[in-house]
Amino acid sequence: MALKGDLHDFSLTQLLNLVHLAHKTGTLTVHGTNDQASLSFSEGKLIYGQGGLTDGHLVSILRHTKHLTEEQARLLMTRPQANNDKELGLLLMHAGYLNQQTIVQAVQQYITDLVLRLFTWSEGSFQFFNGVLPPDDRITVHLDLENLILEGARRMKEWETLQEELPNLDLALKFTDRPDSRLRGINLTVEEWRVVSYVNPKNTIRQIRSHQSAERCRNPADCLRSDAGWGGGGGPPAGRHLTGRPPYHSDSEDSRAGLPHQSPDRTHPLSVRSLSAAADREDGGDRAV
């Protein structure tokens with residue numbers, strides 16, 4: 001019997017719990033109001049994801065995680081390895097631009113961000129395709145669903161609280177005229193200060209939320225509801241950028257990604273020359289993927 005239905009009747013939390021506890025293998029597709037996504041699982045572990053307008057290829061993932069500029073992404077798309085994620089990963093490693101750990105963490109971050117974003121979908125349909133897995137050329141990882149479910153539930157509760165506090169995202173924010181003593185000793189990150197810089201009567205919360213800097217804030221909910229004298233809320237927090245070993249990382253992750261372990265002592269700027277040299281070295285030897 002196929003697993004399919006509506007998010008009104010079966011929430012994402014329930015779906016992921018079912019996949020996790022039943023150790024299911026296959027792909028879950030979710031169609032939202034204006035978006036769609038797919039998540040692939042192996043024996044209850046999340047291994048791959050694709051969402052939105054991205055094609056799920058490594059170039060798109062590295063653009064999402066800010067490891068590539070738009071110009072570098074265009075350059076990579078001209079390479080014959082662009083449609084094979086494992087070969088492209090090898091090319092980037094041989095060029096000395098990224099090491100294996102960075103590539104794996106970028107894939108993990110992309111999938112984590114996608115799943116946490118799906119928790120904000122209250123409308124849509126879903127279907128689980130038993131036994132369907134991503135193509136062999138894609139880089140797969142193993143993420144702990146239990147931790148992701150807990151984090152997603154926490155963020156949804158926070159979002160519901162924000163909606164109660166400030167249900168209208170079309171309101172403009174302003175700084176308080178008389179800040180109190182709670183403002184002393186507040187430390188904000190660079191991204192949080194960027195969010196603060198957009199606060200003025202001309203910008204609504206929705207506009208602030210839509211700005212890239214707000215999306216990259218480590219916790220926009222805290223930014224928009226902090227004690228900095230201008231309470232509010234701007235939407236579900238975006239996924240945190242991973243530093244070091246991600247919280248949902250599996251110990252045997254690197255060996256499962258399908259890339260040989262290489263950790264260059266230093267990385268180099270991505271250029272036509274470095275890519276060409278790396279491609280020549282690859283063509284002259286064996287391609288182990």
# chains A, B, ... in the order shown; residues from 1 in each chain; ligands from 1

call {"tool": "select_by_dssp", "arguments": {"residues": "region 12-238 of chain A", "states": "alpha helix (DSSP H)", "output": "MDAnalysis selection string"}}
result
chainID A and resid 12:21 58:64 70:77 85:94 100:118 145:165 190:197 205:210 212:216 220:224

call {"tool": "closest_residue", "arguments": {"among": "A:Asp9, A:Asp85, A:Asp35, A:Glu43", "to": "Thr140 (chain A)", "atoms": "only C-alpha atoms"}}
result
A:Asp85

call {"tool": "atom_distance", "arguments": {"atom1": "CA of Thr120 (chain A)", "atom2": "CA of Trp159 (chain A)"}}
result
8.4 Å

call {"tool": "residues_around", "arguments": {"residues": "Ala22 (chain A)", "least_positions_apart": "2", "cutoff": "12 Å", "atoms": "only C-alpha atoms", "output": "PyMOL selection string"}}
result
chain A and resi 14-20+24-26+41-45

call {"tool": "atom_distance", "arguments": {"atom1": "CA of Arg79 (chain A)", "atom2": "CA of Val107 (chain A)"}}
result
20.2 Å

call {"tool": "select_by_dssp", "arguments": {"residues": "region 90-148 of chain A", "states": "strand (DSSP E)", "output": "ChimeraX atom specification"}}
result
/A:125-130

call {"tool": "write_last_selection", "arguments": {"atoms": "N, CA and C atoms", "output": "CSV table (one decimal), in the first residue's frame"}}
result
chain,number,residue,atom,x,y,z
A,125,SER,N,0.8,18.1,-0.5
A,125,SER,CA,0.6,16.7,-0.5
A,125,SER,C,1.9,16.0,-0.5
A,126,PHE,N,1.9,14.7,-0.2
A,126,PHE,CA,3.1,13.9,-0.1
A,126,PHE,C,2.9,12.5,-0.7
A,127,GLN,N,4.0,11.8,-1.1
A,127,GLN,CA,3.9,10.4,-1.5
A,127,GLN,C,5.3,9.8,-1.3
A,128,PHE,N,5.3,8.6,-0.7
A,128,PHE,CA,6.5,7.9,-0.5
A,128,PHE,C,6.7,6.8,-1.5
A,129,PHE,N,7.8,6.8,-2.3
A,129,PHE,CA,8.1,5.8,-3.3
A,129,PHE,C,9.1,4.8,-2.7
A,130,ASN,N,8.6,3.6,-2.4
A,130,ASN,CA,9.4,2.6,-1.8
A,130,ASN,C,10.5,2.1,-2.7

call {"tool": "atom_distance", "arguments": {"atom1": "CA of Met156 (chain A)", "atom2": "CA of Tyr110 (chain A)"}}
result
19.0 Å

call {"tool": "closest_residue", "arguments": {"among": "A:Ile139, A:Leu92, A:Ile111, A:Leu118", "to": "His57 (chain A)", "atoms": "only C-alpha atoms"}}
result
A:Ile139

call {"tool": "residues_around", "arguments": {"residues": "His31 (chain A)", "least_positions_apart": "6", "cutoff": "10 Å", "atoms": "only C-alpha atoms", "output": "list in words"}}
result
Asp6, Leu7, Ala37, Ser38, Gly51, Trp121, Glu123, Gly124, Ser125, Phe126 and Gln127 of chain A

call {"tool": "closest_residue", "arguments": {"among": "A:Leu76, A:Leu148, A:Leu58, A:Ala106", "to": "Gly89 (chain A)", "atoms": "only C-alpha atoms"}}
result
A:Leu58

call {"tool": "closest_residue", "arguments": {"among": "A:Asn83, A:Gln36, A:Gln109, A:Ser11", "to": "Leu62 (chain A)", "atoms": "only C-alpha atoms"}}
result
A:Gln109

call {"tool": "closest_residue", "arguments": {"among": "A:Gly52, A:Gly96, A:Gly152, A:Glu192", "to": "Asn34 (chain A)", "atoms": "only C-alpha atoms"}}
result
A:Gly52
